[in-house]
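What follows is a single structure, written as structure tokens, with notes after it.
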Amino acid sequence: MKFSVQALYDWYRQTIRNPKYRWWIILATAAYLISPIDIAPDFIPIIGQIDDVVLITLLVSEISQLLIDRVKTGKDQSVPSSEPVNQAATSADPVDVNAVSVE
């Protein structure tokens, strides 16, 4: 079996988007960041922080994307106002206009 960073990235994204496993992934990511056991130990300059920075970036980007998607779906399901809506103003049908030039 071939290890691929892209495969790991895809797995992380798909799993965090699954509501059943979302909190487990968030908690596991936080535990990894806090834990002294890392893929690249933090006492190695620069290289030690790369895995932590990548994981933080991935986690923040995925959570922000989830929040953006939730806000967009919330706007689509907004409660209609009690004011009557002008049907002519909301229609997608073209409107014929007779233009007259003014000189």
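Chain lettering (A, B, ...) mirrors the order of the structure tokens, residue numbering begins at 1 for each chain separately, and ligand numbering begins at 1 in order of display.
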Determine which residues of chain A receive a DSSP assignment of alpha helix (DSSP H), computed from the backbone, and state them as a PyMOL selection string. chain A and resi 5-17+22-34+47-76+87-90
Separation of atom CA of Pro36 of chain A from atom CA of Arg17 of chain A in Å: 27.2 Å
So how many Å separate atom CA of Asp51 of chain A and atom CA of Arg70 of chain A, to one decimal?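 About the pair atom CA of Asp51 of chain A and atom CA of Arg70 of chain A: they are 28.6 Å apart.
Neighbours of Asp38 of chain A closer than or equal to 12 Å, with only C-alpha atoms counted and sequence neighbours fewer than 4 positions away skipped, come out as A:Thr29, A:Ala31, A:Tyr32, A:Leu33, A:Ile34, A:Asp42, A:Phe43, A:Ile44, A:Ile47, A:Gly48, A:Gln49, A:Ile50, A:Asp51, A:Asp52, A:Leu55.
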What is the atom CA of Asp76 of chain A to atom CA of Tyr21 of chain A distance in Å?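 Atom-to-atom, atom CA of Asp76 of chain A and atom CA of Tyr21 of chain A are spaced 26.0 Å apart.
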Which residues come within 12 Å of Ile26 of chain A, counting only C-alpha atoms, excluding same-chain residues fewer than 2 positions away, as number ranges by chain? A: 12-13, 15-24, 28-33, 55-56, 58-60, 62-63
